[in-house]
$ cat data19.txt   # compact mmCIF, C-alpha atoms
# COMPACT_ATOMS: atom_id res chain seq x y z
CA MET A 34 -15.03 213.57 137.87
CA LYS A 35 -18.07 215.62 138.86
CA ALA A 36 -18.46 213.75 142.16
CA LEU A 37 -14.76 214.29 142.82
CA LYS A 38 -15.10 218.01 142.26
CA ILE A 39 -18.27 218.53 144.30
CA THR A 40 -17.17 216.41 147.28
CA GLY A 41 -13.78 218.12 147.29
CA ILE A 42 -15.26 221.62 147.23
CA ILE A 43 -17.78 220.83 149.98
CA LEU A 44 -15.14 219.29 152.24
CA VAL A 45 -12.62 222.09 151.73
CA ALA A 46 -15.30 224.79 152.22
CA TYR A 47 -16.40 223.10 155.43
CA SER A 48 -12.84 222.77 156.71
CA MET A 49 -12.13 226.43 155.95
CA TYR A 50 -15.23 227.63 157.77
CA ALA A 51 -14.83 225.23 160.69
CA GLY A 52 -11.09 225.73 160.79
CA LEU A 53 -11.39 229.47 161.27
CA THR A 54 -14.39 229.56 163.61
CA PHE A 55 -14.58 226.39 165.72
CA ASP A 56 -13.04 226.10 169.17
CA VAL A 57 -9.45 224.95 169.42
CA PRO A 58 -7.38 224.00 172.49
CA ARG A 59 -5.33 226.83 173.98
CA LEU A 60 -1.68 225.85 174.12
CA VAL A 61 1.33 227.94 175.05
CA ILE A 62 3.36 229.36 172.14
CA LEU A 63 1.02 227.76 169.59
CA ASN A 64 -2.11 229.73 170.60
CA GLU A 65 -4.31 230.38 167.58
CA THR A 66 -1.65 229.21 165.13
CA ILE A 67 -2.80 225.67 165.91
CA ARG A 68 -5.44 226.30 163.24
CA ASN A 69 -2.68 226.00 160.69
CA LEU A 70 -3.05 222.24 161.15
CA TYR A 71 -6.14 222.43 158.93
CA PHE A 72 -4.38 224.29 156.15
CA HIS A 73 -0.70 223.37 156.27
CA VAL A 74 -0.71 219.65 156.97
CA PRO A 75 -3.31 218.67 154.29
CA MET A 76 -0.96 220.18 151.68
CA TRP A 77 1.67 217.55 152.47
CA PHE A 78 -0.85 214.72 152.49
CA THR A 79 -2.04 215.91 149.09
CA MET A 80 1.50 216.23 147.77
CA ILE A 81 2.37 212.68 148.80
CA ALA A 82 -0.90 211.31 147.39
CA LEU A 83 -0.34 213.03 144.05
CA LEU A 84 3.32 212.02 143.86
CA GLY A 85 2.29 208.47 144.74
CA ASN A 86 -0.12 208.44 141.84
CA SER A 87 2.54 209.95 139.60
CA LEU A 88 4.80 207.05 140.60
CA ILE A 89 2.05 204.51 139.85
CA GLN A 90 1.47 206.03 136.41
CA SER A 91 5.20 205.90 135.65
CA ILE A 92 5.36 202.23 136.63
CA ARG A 93 2.28 201.53 134.51
CA PHE A 94 3.92 203.33 131.60
CA LEU A 95 7.11 201.28 131.90
CA ARG A 96 5.09 198.07 132.01
CA SER A 97 2.91 199.11 129.07
CA GLY A 98 5.71 198.57 126.57
CA GLN A 99 6.35 194.96 127.58
CA GLU A 100 5.98 191.93 125.32
CA GLY A 101 5.65 193.75 122.03
CA ARG A 102 2.64 195.82 123.04
CA LYS A 103 2.53 199.47 122.08
CA VAL A 104 3.64 201.95 124.76
CA ASN A 105 0.96 204.17 126.21
CA LEU A 106 2.34 207.72 126.18
CA SER A 107 -0.68 209.22 127.93
CA LEU A 108 0.25 207.38 131.14
CA ASP A 109 3.55 209.24 131.24
CA LEU A 110 1.76 212.52 130.54
CA LYS A 111 -0.47 211.75 133.52
CA ALA A 112 2.59 211.14 135.70
CA LYS A 113 3.93 214.54 134.66
CA ASN A 114 0.69 216.37 135.39
CA PHE A 115 0.28 214.79 138.81
CA ALA A 116 3.89 215.69 139.68
CA GLU A 117 3.35 219.28 138.56
CA VAL A 118 0.27 219.76 140.70
CA ALA A 119 2.06 218.03 143.60
CA MET A 120 4.79 220.68 143.35
CA LEU A 121 2.13 223.39 143.53
CA PHE A 122 0.88 221.82 146.78
CA SER A 123 4.41 221.51 148.09
CA LEU A 124 4.92 225.25 147.52
CA LEU A 125 1.61 226.00 149.26
CA GLY A 126 2.62 223.79 152.17
CA LEU A 127 5.97 225.54 152.33
CA PHE A 128 4.39 229.01 152.39
CA THR A 129 1.76 228.14 155.02
CA GLY A 130 4.53 226.57 157.08
CA MET A 131 6.75 229.61 156.74
CA ILE A 132 4.01 231.94 157.96
CA TRP A 133 3.44 229.63 160.92
CA ALA A 134 7.16 229.43 161.63
CA LYS A 135 7.42 233.24 161.69
CA ALA A 136 4.68 233.36 164.33
CA THR A 137 5.99 230.59 166.57
CA TRP A 138 9.70 230.11 165.90
CA GLY A 139 10.29 233.74 165.02
CA THR A 140 11.87 233.10 161.62
CA TYR A 141 10.71 232.15 158.16
CA TRP A 142 13.43 229.63 157.47
CA THR A 143 15.71 227.54 159.66
CA SER A 144 17.79 224.48 158.94
CA ASP A 145 15.21 221.99 160.22
CA PRO A 146 15.09 218.45 158.77
CA LYS A 147 11.50 218.97 157.61
CA LEU A 148 12.36 222.16 155.76
CA ASN A 149 15.40 220.57 154.19
CA GLY A 150 13.23 217.65 153.09
CA THR A 151 10.90 220.06 151.32
CA ALA A 152 13.75 221.84 149.60
CA VAL A 153 15.18 218.54 148.38
CA THR A 154 11.79 217.34 147.13
CA LEU A 155 11.41 220.53 145.13
CA LEU A 156 14.92 220.18 143.68
CA ILE A 157 14.34 216.53 142.73
CA TYR A 158 11.11 217.23 140.89
CA LEU A 159 12.46 220.38 139.24
CA ALA A 160 15.24 218.15 137.92
CA TYR A 161 12.55 215.77 136.67
CA PHE A 162 10.95 218.60 134.69
CA VAL A 163 14.35 219.71 133.35
CA LEU A 164 15.04 216.15 132.23
CA ARG A 165 11.70 216.05 130.42
CA SER A 166 12.27 219.32 128.64
CA SER A 167 15.74 218.37 127.44
CA ILE A 168 14.65 215.34 125.37
CA GLU A 169 12.98 215.79 122.00
CA ASP A 170 11.88 212.28 121.12
CA LEU A 171 8.52 211.60 122.81
CA GLU A 172 8.97 207.93 123.58
CA LYS A 173 12.51 208.37 124.86
CA LYS A 174 11.39 211.31 126.98
CA ALA A 175 8.61 209.21 128.50
CA ARG A 176 10.89 206.25 129.15
CA LEU A 177 13.79 208.16 130.74
CA SER A 178 11.61 210.40 132.85
CA SER A 179 9.53 207.47 134.12
CA VAL A 180 12.69 205.67 135.17
CA TYR A 181 13.94 208.80 136.92
CA ASN A 182 10.56 209.34 138.59
CA VAL A 183 10.61 205.88 140.18
CA PHE A 184 14.27 206.16 141.26
CA ALA A 185 13.79 209.66 142.67
CA PHE A 186 10.56 208.89 144.51
CA VAL A 187 12.12 206.09 146.55
CA LEU A 188 15.18 208.13 147.53
CA MET A 189 12.94 211.10 148.36
CA ILE A 190 10.86 208.93 150.70
CA VAL A 191 14.08 207.80 152.40
CA PHE A 192 15.04 211.43 152.80
CA ILE A 193 11.77 212.91 154.06
CA GLY A 194 10.41 209.83 155.81
CA ILE A 195 13.29 208.18 157.58
CA LEU A 196 16.13 210.64 158.10
CA PRO A 197 14.15 213.35 159.99
CA ARG A 198 13.27 210.75 162.59
CA MET A 199 16.97 210.24 163.26
CA THR A 200 17.78 213.89 164.03
CA ALA A 201 16.44 216.49 166.42
CA SER A 202 13.81 218.85 165.13
CA LEU A 203 11.65 221.65 166.45
CA HIS A 204 8.77 220.72 164.16
CA PRO A 205 5.52 219.55 165.80
CA GLY A 206 5.47 215.77 165.86
CA ASN A 207 9.24 215.54 166.37
CA GLY A 208 11.32 215.51 169.51
CA GLY A 209 8.35 215.36 171.88
CA ASN A 210 6.60 218.40 170.38
CA PRO A 211 2.83 217.94 170.22
CA ALA A 212 1.24 217.01 166.91
CA PHE A 213 -1.53 214.78 165.72
CA SER A 214 -0.76 211.47 167.36
CA ASN A 215 -3.41 209.52 169.25
CA TYR A 216 -3.12 211.29 172.54
CA ASP A 217 -2.59 214.92 171.71
CA LEU A 218 -4.99 215.73 168.90
CA ASP A 219 -8.26 217.02 170.30
CA ASP A 220 -11.36 215.13 169.13
CA GLY A 221 -12.97 218.33 167.90
CA MET A 222 -9.92 219.08 165.75
CA ARG A 223 -10.04 215.61 164.31
CA MET A 224 -13.53 216.34 162.93
CA VAL A 225 -12.12 219.22 160.93
CA PHE A 226 -8.68 217.86 160.11
CA TYR A 227 -9.68 214.61 158.40
CA PRO A 228 -12.29 216.22 156.09
CA ALA A 229 -9.69 218.87 155.22
CA VAL A 230 -7.11 216.24 154.24
CA PHE A 231 -9.61 214.28 152.21
CA GLY A 232 -11.05 217.38 150.54
CA TRP A 233 -7.68 218.77 149.51
CA ILE A 234 -6.61 215.42 148.07
CA LEU A 235 -9.77 215.36 145.96
CA ILE A 236 -9.19 218.95 144.79
CA GLY A 237 -5.58 218.16 143.88
CA TRP A 238 -6.64 215.05 142.02
CA TRP A 239 -9.28 217.01 140.14
CA ILE A 240 -6.83 219.76 139.08
CA SER A 241 -4.36 217.13 137.87
CA LEU A 242 -7.00 215.35 135.82
CA ILE A 243 -8.11 218.63 134.21
CA ARG A 244 -4.52 219.44 133.27
CA HIS A 245 -4.13 215.95 131.90
CA ARG A 246 -7.25 216.28 129.75
CA LEU A 247 -6.02 219.63 128.43
CA ASP A 248 -2.69 218.06 127.50
CA ILE A 249 -4.40 215.20 125.69
CA LEU A 250 -6.58 217.65 123.75
CA LYS A 251 -3.53 219.73 122.79
CA LYS A 252 -1.77 216.61 121.55
CA GLU A 253 -4.72 215.54 119.39
CA LYS A 254 -5.04 218.96 117.83
CA MET B 106 20.18 185.45 134.33
CA LEU B 107 23.27 187.00 135.83
CA ARG B 108 26.63 185.65 134.68
CA ALA B 109 29.62 186.42 136.89
CA LYS B 110 31.90 186.13 133.88
CA ALA B 111 30.06 188.83 131.96
CA ILE B 112 30.23 191.21 134.91
CA LYS B 113 33.92 190.52 135.26
CA THR B 114 34.48 191.19 131.55
CA ILE B 115 32.72 194.55 131.74
CA PHE B 116 34.64 195.44 134.87
CA LEU B 117 38.04 194.58 133.39
CA TRP B 118 37.19 196.19 130.05
CA ASP B 119 36.29 199.40 131.84
CA TRP B 120 39.49 199.35 133.84
CA GLU B 121 41.65 198.75 130.83
CA LEU B 122 40.02 201.69 129.05
CA GLN B 123 40.46 203.89 132.10
CA TYR B 124 44.10 202.93 132.37
CA ARG B 125 44.92 203.42 128.72
CA ARG B 126 43.25 206.78 128.33
CA SER B 127 44.90 209.53 130.29
CA SER B 128 41.46 211.14 130.39
CA GLY B 129 40.31 208.32 132.65
CA TRP B 130 40.57 208.32 136.40
CA PHE B 131 43.79 210.32 136.23
CA VAL B 132 41.76 213.44 135.35
CA SER B 133 39.63 212.95 138.43
CA LEU B 134 42.67 212.47 140.61
CA LEU B 135 44.25 215.61 139.22
CA PHE B 136 40.98 217.46 139.74
CA SER B 137 40.75 216.50 143.38
CA ALA B 138 44.44 217.24 143.91
CA VAL B 139 44.06 220.73 142.46
CA VAL B 140 40.97 221.48 144.53
CA THR B 141 42.55 220.10 147.70
CA PHE B 142 45.66 222.20 147.20
CA LEU B 143 43.52 225.28 146.61
CA THR B 144 41.58 224.52 149.79
CA SER B 145 44.77 224.16 151.79
CA LEU B 146 45.85 227.62 150.63
CA LEU B 147 42.49 229.17 151.43
CA ILE B 148 41.88 227.75 154.88
CA LYS B 149 44.11 227.32 157.91
CA ASN B 150 43.12 225.41 161.07
CA PRO B 151 39.52 224.57 160.12
CA THR B 152 37.03 223.47 162.77
CA ALA B 153 35.76 219.89 162.64
CA ASN B 154 32.55 220.91 160.84
CA THR B 155 34.34 222.98 158.22
CA TRP B 156 36.91 220.24 157.69
CA LEU B 157 34.23 217.62 157.06
CA ALA B 158 32.19 219.90 154.80
CA LEU B 159 35.22 220.73 152.64
CA MET B 160 36.35 217.13 152.41
CA TRP B 161 32.93 215.83 151.41
CA MET B 162 32.49 218.60 148.85
CA ILE B 163 35.74 217.53 147.22
CA LEU B 164 34.76 213.86 147.38
CA ILE B 165 31.32 214.51 145.86
CA PHE B 166 32.66 216.43 142.94
CA SER B 167 35.40 213.94 142.17
CA ALA B 168 32.82 211.14 142.37
CA LEU B 169 30.63 213.14 140.00
CA GLN B 170 33.58 213.51 137.61
CA ILE B 171 34.24 209.78 137.57
CA ALA B 172 30.62 208.69 137.28
CA SER B 173 29.75 211.16 134.53
CA LYS B 174 32.12 209.32 132.22
CA ALA B 175 30.90 205.84 133.20
CA PHE B 176 28.52 205.34 130.30
CA SER B 177 30.21 207.44 127.67
CA ALA B 178 30.92 205.30 124.63
CA ASN B 179 29.85 205.60 121.02
CA ASP B 180 26.96 203.73 119.45
CA GLY B 181 29.21 201.22 117.77
CA GLN B 182 30.81 200.18 121.03
CA TYR B 183 27.42 199.79 122.69
CA TYR B 184 26.14 197.77 119.80
CA TYR B 185 29.03 195.40 120.44
CA ILE B 186 28.57 195.34 124.24
CA ASN B 187 24.86 194.71 123.98
CA GLN B 188 25.60 191.59 121.94
CA LEU B 189 27.80 190.25 124.71
CA VAL B 190 26.00 191.03 127.97
CA ASN B 191 22.48 191.76 129.13
CA PRO B 192 21.60 195.20 130.60
CA LEU B 193 21.70 194.07 134.22
CA GLU B 194 25.21 192.69 133.86
CA LEU B 195 26.26 195.92 132.17
CA LEU B 196 24.87 198.03 135.04
CA ILE B 197 26.47 195.91 137.74
CA GLY B 198 29.83 195.76 135.99
CA LYS B 199 29.81 199.50 135.37
CA SER B 200 28.67 200.28 138.93
CA LEU B 201 31.40 198.10 140.38
CA SER B 202 34.12 199.65 138.28
CA THR B 203 32.83 203.17 139.01
CA SER B 204 32.66 202.50 142.72
CA PHE B 205 36.12 200.99 142.65
CA SER B 206 37.62 204.06 141.00
CA THR B 207 35.64 206.35 143.28
CA LEU B 208 36.95 204.48 146.29
CA LEU B 209 40.50 204.78 145.04
CA ILE B 210 40.18 208.49 144.29
CA SER B 211 38.45 209.14 147.61
CA LEU B 212 41.21 207.48 149.59
CA LEU B 213 43.90 209.32 147.62
CA SER B 214 42.04 212.61 148.07
CA PHE B 215 41.77 211.91 151.76
CA LEU B 216 45.50 211.30 151.91
CA LEU B 217 46.21 214.58 150.09
CA PHE B 218 43.73 216.38 152.31
CA TYR B 219 45.48 214.94 155.35
CA ILE B 220 48.89 216.02 154.11
CA TRP B 221 47.96 219.52 152.99
CA VAL B 222 45.22 220.54 155.38
CA GLY B 223 45.82 218.16 158.28
CA PHE B 224 43.31 217.13 160.89
CA PRO B 225 41.16 219.77 162.58
CA ASN B 226 42.38 220.87 165.94
CA ILE B 227 40.55 218.75 168.51
CA SER B 228 42.74 219.15 171.53
CA ASP B 229 41.79 216.45 173.97
CA HIS B 230 42.38 213.29 172.00
CA GLN B 231 44.00 211.59 169.03
CA THR B 232 41.68 210.78 166.10
CA PRO B 233 41.87 207.06 165.29
CA LEU B 234 42.33 206.64 161.56
CA PHE B 235 40.61 203.30 160.96
CA PRO B 236 36.91 204.21 161.65
CA LEU B 237 37.30 207.40 159.64
CA LEU B 238 38.65 205.49 156.64
CA ILE B 239 35.79 202.98 156.83
CA SER B 240 33.21 205.79 157.00
CA ILE B 241 34.72 207.56 154.00
CA SER B 242 35.04 204.37 151.95
CA LEU B 243 31.47 203.20 152.58
CA GLY B 244 30.17 206.71 151.91
CA SER B 245 31.98 207.08 148.61
CA VAL B 246 30.88 203.64 147.42
CA ALA B 247 27.26 204.50 148.28
CA LEU B 248 27.62 207.81 146.41
CA SER B 249 29.00 206.09 143.34
CA PHE B 250 26.18 203.53 143.14
CA THR B 251 23.60 206.30 142.97
CA LEU B 252 25.77 208.30 140.59
CA SER B 253 26.32 205.48 138.12
CA PHE B 254 22.58 205.07 137.68
CA THR B 255 21.94 208.78 137.11
CA SER B 256 24.92 208.77 134.78
CA ALA B 257 23.21 206.08 132.72
CA ILE B 258 20.12 208.30 132.46
CA ALA B 259 22.16 211.38 131.57
CA SER B 260 24.17 209.46 128.95
CA LYS B 261 20.95 208.82 127.03
CA VAL B 262 20.37 212.58 126.69
CA ASP B 263 22.70 214.13 124.16
CA GLY B 264 24.41 217.44 124.54
CA ASN B 265 23.49 218.36 128.09
CA THR B 266 26.53 218.28 130.31
CA SER B 267 25.09 219.91 133.41
CA LEU B 268 22.10 217.56 133.46
CA MET B 269 24.11 214.96 135.33
CA SER B 270 24.70 217.19 138.37
CA ILE B 271 21.15 218.54 138.37
CA LEU B 272 19.75 215.02 138.37
CA SER B 273 22.06 213.49 140.92
CA ILE B 274 22.96 216.05 143.59
CA PRO B 275 19.48 216.17 145.20
CA LEU B 276 19.40 212.37 145.18
CA LEU B 277 22.79 212.17 146.90
CA LEU B 278 21.62 214.01 150.00
CA PRO B 279 20.41 211.01 152.05
CA THR B 280 23.71 209.22 151.48
CA LEU B 281 25.69 212.35 152.11
CA LEU B 282 24.02 213.18 155.43
CA VAL B 283 24.48 209.62 156.70
CA SER B 284 28.13 209.55 155.64
CA LEU B 285 28.75 212.96 157.11
CA ARG B 286 27.44 211.82 160.44
CA ALA B 287 29.51 208.62 160.39
CA SER B 288 32.68 210.50 159.55
CA LYS B 289 31.93 213.17 162.15
CA LEU B 290 31.59 210.59 164.90
CA ALA B 291 34.78 208.95 163.69
CA LEU B 292 36.61 212.27 163.60
CA LEU B 293 35.53 213.08 167.14
CA GLY B 294 36.99 209.76 168.24
CA GLN B 295 33.81 207.88 169.14
CA SER B 296 34.06 204.14 169.69
CA ILE B 297 33.15 201.69 166.95
CA GLU B 298 30.08 200.51 168.87
CA GLN B 299 28.60 203.97 168.38
CA ILE B 300 29.50 204.30 164.71
CA TYR B 301 28.64 200.92 163.30
CA PRO B 302 24.80 201.44 163.15
CA ILE B 303 25.53 204.33 160.76
CA TRP B 304 27.83 202.10 158.69
CA ILE B 305 24.89 199.73 158.35
CA GLY B 306 22.87 202.74 157.20
CA GLU B 307 25.49 203.55 154.56
CA LEU B 308 25.54 199.94 153.40
CA SER B 309 21.76 199.78 153.13
CA LEU B 310 21.77 202.95 151.04
CA CYS B 311 24.29 201.21 148.73
CA GLY B 312 21.97 198.24 148.52
CA LEU B 313 18.92 200.42 147.95
CA SER B 314 20.33 202.29 144.97
CA LEU B 315 21.80 199.13 143.45
CA ALA B 316 18.48 197.27 143.82
CA LEU B 317 16.48 200.17 142.35
CA GLY B 318 18.97 200.44 139.52
CA ALA B 319 18.74 196.72 138.83
CA ILE B 320 14.94 196.88 138.59
CA LEU B 321 14.84 199.99 136.41
CA PHE B 322 17.90 199.64 134.19
CA PRO B 323 16.45 197.14 131.68
CA TYR B 324 13.67 199.65 130.91
CA LEU B 325 16.18 202.44 130.54
CA TRP B 326 18.59 200.57 128.31
CA ARG B 327 16.41 199.13 125.59
CA SER B 328 16.12 201.38 122.57
$ encode --input "data19.txt" --output "structure tokens"
Amino acid sequence: MKALKITGIILVAYSMYAGLTFDVPRLVILNETIRNLYFHVPMWFTMIALLGNSLIQSIRFLRSGQEGRKVNLSLDLKAKNFAEVAMLFSLLGLFTGMIWAKATWGTYWTSDPKLNGTAVTLLIYLAYFVLRSSIEDLEKKARLSSVYNVFAFVLMIVFIGILPRMTASLHPGNGGNPAFSNYDLDDGMRMVFYPAVFGWILIGWWISLIRHRLDILKKEK
Amino acid sequence: MLRAKAIKTIFLWDWELQYRRSSGWFVSLLFSAVVTFLTSLLIKNPTANTWLALMWMILIFSALQIASKAFSANDGQYYYINQLVNPLELLIGKSLSTSFSTLLISLLSFLLFYIWVGFPNISDHQTPLFPLLISISLGSVALSFTLSFTSAIASKVDGNTSLMSILSIPLLLPTLLVSLRASKLALLGQSIEQIYPIWIGELSLCGLSLALGAILFPYLWRS
């Protein structure tokens, strides 16, 4: 836990300093907004990592009740906490993206597949929280919401992972726009981008674990 | 183990109930008829995009109507069903009967839509009916497979009627976008060679939600 926290803080602090001061390639339209790569893209990596762990915890919860063993409710609580923090990161990613879009596309919101994917992800997980809050019985709540979590995660991945590649988009990385593939990410940017991704994932993980511990303490009280 | 006979029993049982109760699929048909008629009064000569959007909105909400009733039965009835079949057979039987009614209602709604609103005005060619019907049928079956699973979740939560739409509408979007594109190509009179990859997409979405449902349903159903 401590190592997680310290490594995360060091990496994020480095990426913030380096991200704002180091040299970046000059590209038309993008100009200085290319620095958003260090702040906007790690949010999505973190969101997917946290949602992935939420999915794993839900599967572990569903398997924990097999063959007469007692169900482990704290696994489901963990799934909920990771999903909540993932939604925080999704909002942060949305806001950083909107600021960038205003500077380059000239508008905060357009009907782009990536933006629609974000909106749908938010709706799906808000529905997950609504489902949780509408069931009183703890075990039933855990069971139903774990099932929904697994079902929703797979359909969400279909939506944000596969469908945008089938339609035209203005977003970097789609439709021939530059993004971080092998040949168009500068080596100097790579040295900042990867630590940023890794650092933010650690920070997100750490926040989720703290929330989880708080929940466990509240339950024991 | 999956028994074909058990699935058939659930399917027929569901149909008999639907047929006997006037609150069965007849309500959904009436619903879509009312909404279609209203639409035809509100809009004249829609463009292709508007036409498709309106038709799919009507289809989604009638599918939602049908699926939301799929797992409604009292505890006594379920006690009896659970003695007869295992959860997987129940899910498959229910999904099949739901998708069958959804298909029927969708085709009837399409017919009504065609009669009252007509085709959008695309001057240079005649829209062939067959690819459009296939696109709509595959789309509505794919919708109903996802919907029957969320309906099973919602049926376990008492006294929350709007939960069903909150849970399922975001999940329907992948299916809906794929179906919309298939039916758009069909409406614009594209050849089948250009549409059939999207039909495969619709079919694989059917398969995906059925497979996910089959894995998860036994966990959901035990109580």
$ closest_atom_pairs --input "data19.txt" --of "chain A" --to "chain B" --cutoff "6 Å" --atoms "all atoms listed in the file" --output "CSV"
residue,atom,partner,partner_atom,distance
A:Val153,CA,B:Pro275,CA,5.8
A:Ile157,CA,B:Pro275,CA,5.7
A:Ala160,CA,B:Leu272,CA,5.5
A:Phe192,CA,B:Pro279,CA,5.4
$ atom_distance --input "data19.txt" --atom1 "CA of Gly41 in chain A" --atom2 "CA of Trp233 in chain A"
6.5 Å
$ closest_residue --input "data19.txt" --among "B:Leu134, B:Ile186, B:Leu157, B:Ser296" --to "Phe235 in chain B" --atoms "all atoms listed in the file"
B:Ser296
$ residues_around --input "data19.txt" --residues "Ile112 in chain B" --least-positions-apart "5" --cutoff "9 Å" --atoms "only C-alpha atoms" --output "VMD selection string"
chain B and resid 107 117 190 194 to 199 201
$ atom_distance --input "data19.txt" --atom1 "CA of Ser178 in chain A" --atom2 "CA of Leu235 in chain A"
25.6 Å
$ closest_residue --input "data19.txt" --among "A:Gly150, A:Gly194, A:Pro75, A:Gly98" --to "Ser48 in chain A" --atoms "all atoms listed in the file"
A:Pro75
$ residues_near_point --input "data19.txt" --point "(33.5, 206.8, 142.7)" --cutoff "7 Å" --atoms "all atoms listed in the file" --output "ChimeraX atom specification"
/B:168,171-172,203-208,245-246,249
